[in-house]
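In what follows, a single structure is set out as structure tokens and then discussed.
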Amino acid sequence: MGSRDATGDSAGEISHLVPDVETLARRLAAVDYLADEGLATSMYLSLRLPQPLLLEGEAGVGKTEAGRSLAGVLDTPLIRLQCYDGIDAAEALYEWNYPRQLLRIRLADSAGEELSEDDLFGPEYLIRRPLLSALQHPGPRPAVLLIDEIDRADDDFEAFLLELLADAAVTIPEIGTIRATHPPVIVLTSNRTRDLHDAVKRRCLYHWIDYPTPKREVEIVRRRVRGVSETLAVQVADAVARMRDSDVQKPPGIAEAIDWVAALDLLGVERLDEAAVERTLGSVLKYGEDQEAVRAAGLAKLMAP
Amino acid sequence: MTRSAFSLRTIELDLPAFAAALNRRLHEAGVPTTAERAARFASALELVRPVARRRLYCTARAVFVSDSSQLRAFDSVFWSVFGDREPPPEPDDADTSSSPEQPAAAEGEPRSGAAADGGFADSSKPHAGDDVRDAVVPMVASDEEVLRGKSFDALAPDELAQLYALMARLGVATPRRRTRRAKRDRRGERLDMRRTLRGSMRTAGDPIRLARRRRRVVPRRIVMLCDISGSMEPYARAYLQFLTSAAGSGPRAEAFTFATRLTRLTRALRSHSPERAIQRAAATAPDWSSGTRIGEALKAFNDRHGRRGMARGAIVVILSDGWERGDPALVAREMERLSRLAHRIVWVNPRAAARGFAPRAAGMAAALPYCDAVLSGHSLDALEEVVEAIACDEPVAPAMTQATPEEEDWASATPVPGSSVAMPSGYGPSRGRTTPGWGSDGGE
């Protein structure tokens with residue numbers, strides 16, 4: 001925690017911007033992200049402690065969006081690292097600029113000068129990947145680093161992240177340890193395809209994002225799809241809530257609800273009816289079996305009062 | 001951080017003592033807590049004014065909980081340490097419907113005026129959503145179901161140890177798959193620029209020696225689903241041993257038990273001491289030797305784990321006799337889903353050892369078209385065959401079809417107890433009658 005002193009000014013900036021949980025929630029709402037109290041508290045603590053925040057939840061409940069909105073609130077760049085199987089340091093942290101290094105060698109050769117390894121492996125030959133750019137963000141407020149779907153990466157990569165999560169620092173063998181001047185706000189998301197290692201969890205705050213209540217969902221949908229009628233938004237939120245309660249393989253998330261409303265809006269639908277649902281079902285249920293199940297139960301049921 | 005702005009002292013509660021008590025009680029309830037977390041909680045409390053119990057709850061939850069499976073245990077501890085047994089209801093919809101600029105907490109407790117306008121979206125109550133909350137398998141036996149926990153270690157200790165020692169030698173290994181991660185290899189297919197360049201410095205920048213990389217090959221994940229219902233009782237203990245030794249084989253093993261509900265045992269079994277692993281598993285699985293609902297268990301597995309990626313490309317081993325209390329159609333449907341995700345499905349049925357065995361059990365008959373292998377695994381020798389079947393990496397064969405449960409040609413053709421094996425991928429007696437895709441109409 002020795003980095004606290006060096007980062008006093010950016011911590012001061014943040015505490016000025018979000019003095020308490022309510023302010024953060026209000027500012028998030030101003031960028032159209034409606035967080036409940038639990039999520040707002042977690043995000044607030046993550047900003048102020050500071051500590052990485054691990055978000056889990058069903059697909060489409062707004063995990064990634066939470067990171068994006070946080071960047072919006074802080075008015076800093078969002079640096080996103082999408083994880084995938086086999087991601088490694090060269091893709092996440094840094095890579096050397098080989099063509100440039102080769103040219104340098106040629107140049108030194110033709111000029112007859114002595115070239116040491118230190119000359120060649122210096123910062124000017126470094127290509128910054130997301131993690132390094134987040135650490136070296138010039139400030140004054142820290143960047144938001146979104147490490148998305150970390151469960152898709154393998155456990156070697158998790159171990160590689162530990163130094164970043166704990167100390168906001170990374171070690172590049174040729175250069176040494178690079179410590180962040182403005183430690184980034186780190187948000188990790190996971191879809192729980194596998195358990196994360198305890199060492200990662202220990203370094204993070206944790207929050208499980210639930211589905212919102214239908215009323216809140218109406219509000220979210222209306223903020224995301226401008227100009228949509230309240231009637232339609234309410235009907236969609238109710239229908240989506242019923243789909244979640246029914247026996248579907250992939251319950252629709254908020255993202256699907258927003259897509260659905262956008263689709264209906266585009267088609268000029270003002271009130272949900274069976275024909276409209278039938279035409280647009282594919283934007284909310286993405287499995288053939290799920291569509292069949294909902295049809296078998298009767299589309300009218302989705303709109304029953 | 002400006003401490004003076006916060007009015008922690010106004011709350012009539014000894015916060016350090018409360019934090020310590022909470023930490024201890026959480027630890028007792030099985031939520032992993034450390035001194036580090038307690039200290040973090042203290043700093044969190046300095047930052048967040050716990051103006052209401054709900055806020056205190058959110059703060060503590062953010063700090064102490066590190067997995068959704070711990071939420072239930074955490075909730076019960078928190079509300080027993082602090083306040084009512086039952087958590088107060090979340091702010092009602094009625095007063096936050098129109099605008100986000102509304103009071104967030106409505107617990108009847110007075111809130112300081114400045115902090116009163118929140119902007120919170122009220123998510124569904126942390127306790128109401130059985131669907132979401134139960135979508136997570138609790139790692140710690142949290143509350144009511146511990147009482148049904150029956151000790152797994154009723155086998156004589158020396159027998160247990162012997163059996164385990166033998167099973168540990170089985171060496172479960174799965175077929176391999178290529179990852180996207182590369183490693184150094186002299187004859188790899190990709191150029192390793194970083195090392196090539198470094199080497200070329202010695203030769204004035206001319207890359208004479210090309211360093212190469214090759215994509216790494218790793219074993220596939222193995223997912224084991226073990227039936228521990230009443231009808232499986234004579235075998236379940238031994239199978240649990242098998243699970244333990246297989247789960248110890250590496251980080252890519254996942255173990256579940258099911259009877260009336262699905263319980264994830266992966267963590268419980270990952271221990272160096274088999275006895276302790278089994279004791280822990282006993283504490284984790286609350287439905288030991290009750291009825292079976294294979295279809296629902298498979299559905300729960302597909303919904304919570306398989307669909308998200310656990311079963312994708314994995315070897316799935318199901319240990320069950322196929323006696324289904326529920327609807328066999330559900331078993332068929334979920335097996336079909338699973339077979340689309342998994343690399344291979346191996347079904348271990350101890351009843352397959354019996355002379356004249358036919359998959360008459362409704363669940364087994366329904367599942368059969370989607371199995372890549374059905375084995376008995378009722379003895380240690382038979383378990384070795386299971387291990388072979390797991391390691392076997394043939395392309396997924398067309399599903400075996402069983403015209404009707406009464407026709408038992410493939411089973412009775414191998415009447416030797418102990419070696420009754422049906423391999424649908426080519427050398428089963430019913431090979432000539434196997435029709436791809438014919439499966440589900442005849443099997444039920």
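Ordering of the structure tokens sets the chain letters (A, B, ...), residue numbers begin anew at 1 in every chain, and ligands are numbered from 1 in the order given.
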Exercise. Segment 55-70 of chain A: which residues within 8 Å, counting only C-alpha atoms, same-chain residues fewer than 3 positions away excluded, as a list in words?
Worked result: Leu28, Val31, Asp32, Tyr33, Val73, Leu74, Leu78, Val144, Leu145, Leu146, Asp148, Val187, Leu188, Thr189, Ser190, Asn191, Arg192, Tyr206, His207, Trp208, Ile209, Asp210, Tyr211, Pro252, Gly253, Ile254, Ala255 and Glu256 of chain A
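Counting only C-alpha atoms, segment 99-107 of chain A has the following residues at most 10 Å away, ignoring those fewer than 5 positions along the same chain: A:Gly112, A:Glu113, A:Glu114, A:Leu115, A:Ser116, A:Asp119, A:Leu120, A:Phe121, A:Gly122, A:Glu124, A:Tyr125, A:Leu126, B:Met193, B:Leu197, B:Arg198, B:Ser200, B:Met201, B:Ala204, B:Gly205, B:Asp206, B:Pro207.
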For this session: Define the interface residues of chain A facing chain B as those within 8 Å, counting only C-alpha atoms, and report them as a PyMOL selection string.
Result: chain A and resi 12+15+20-23+25-26+29+34-38+40-42+45+48-49+85-88+96+98+102+105-106+109+191-194+201-202+204-208+210-213+215-216+219+245+249-250
Problem set entry | Test item: residues at most 8 Å from Glu95 of chain A, only C-alpha atoms, excluding those fewer than 6 positions along its chain, as number ranges by chain | A: 89, 126-129
For this session: Extract, using only C-alpha atoms, all DNA, RNA and protein residues at most 7 Å from Ala314 of chain B, discarding same-chain residues fewer than 6 positions from it, and format them as JSON, numbers by chain.
Result: {"B": [220, 221, 222, 223, 342, 343, 344]}
Any chance you can output those residues with C-alpha atoms as a short mmCIF file (atom, residue, chain, number, x, y, z; two decimals), in the first residue's frame?
data_model
loop_
_atom_site.label_atom_id
_atom_site.label_comp_id
_atom_site.auth_asym_id
_atom_site.auth_seq_id
_atom_site.Cartn_x
_atom_site.Cartn_y
_atom_site.Cartn_z
CA ARG B 220 -9.50 -31.90 -21.80
CA ARG B 221 -11.61 -31.07 -18.81
CA ILE B 222 -13.35 -33.97 -17.11
CA VAL B 223 -16.75 -33.41 -15.56
CA ALA B 342 -19.50 -32.22 -24.49
CA HIS B 343 -16.72 -33.95 -26.38
CA ARG B 344 -17.75 -37.37 -25.12
#
Problem set entry | Residue nearest Arg152 of chain A - candidates A:Ile186, A:Leu196, A:Ala257, A:Leu299, atoms counted: only C-alpha atoms |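 Counting only C-alpha atoms, the residue closest to Arg152 of chain A is A:Leu196.
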Exercise. Between atom CA of Arg203 of chain A and atom CA of Gln70 of chain B, what is the distance, to one decimal in Å?
Worked result: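 One can read the atom CA of Arg203 of chain A to atom CA of Gln70 of chain B distance as 16.7 Å.
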For this session: Work out how far apart atom CA of Ala39 of chain B and atom CA of Arg27 of chain A are and give it in Å to one decimal.
Result: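 Going from atom CA of Ala39 of chain B over to atom CA of Arg27 of chain A covers 28.6 Å.
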For this session: Can you work out which one of A:Lys286, A:Leu165, A:Pro130, A:Leu302 has the shortest atom-to-atom distance to Ala241 of chain A, counting only C-alpha atoms?
Result: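 Closest to Ala241 of chain A of all the choices is A:Leu302.
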Problem set entry | Selection near Pro140 of chain A, 12 Å with only C-alpha atoms, sequence-local residues under 3 positions removed, as a PyMOL selection string | chain A and resi 7-14+74-77+136-137+143+181-184
Exercise. Which of segment 251-291 of chain A counts as alpha helix (DSSP H) under DSSP, as a ChimeraX atom specification please?
Worked result: /A:254-266,274-280,288-291
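Atom CA of Glu289 of chain A is found 26.4 Å from atom CA of Ala361 of chain B.
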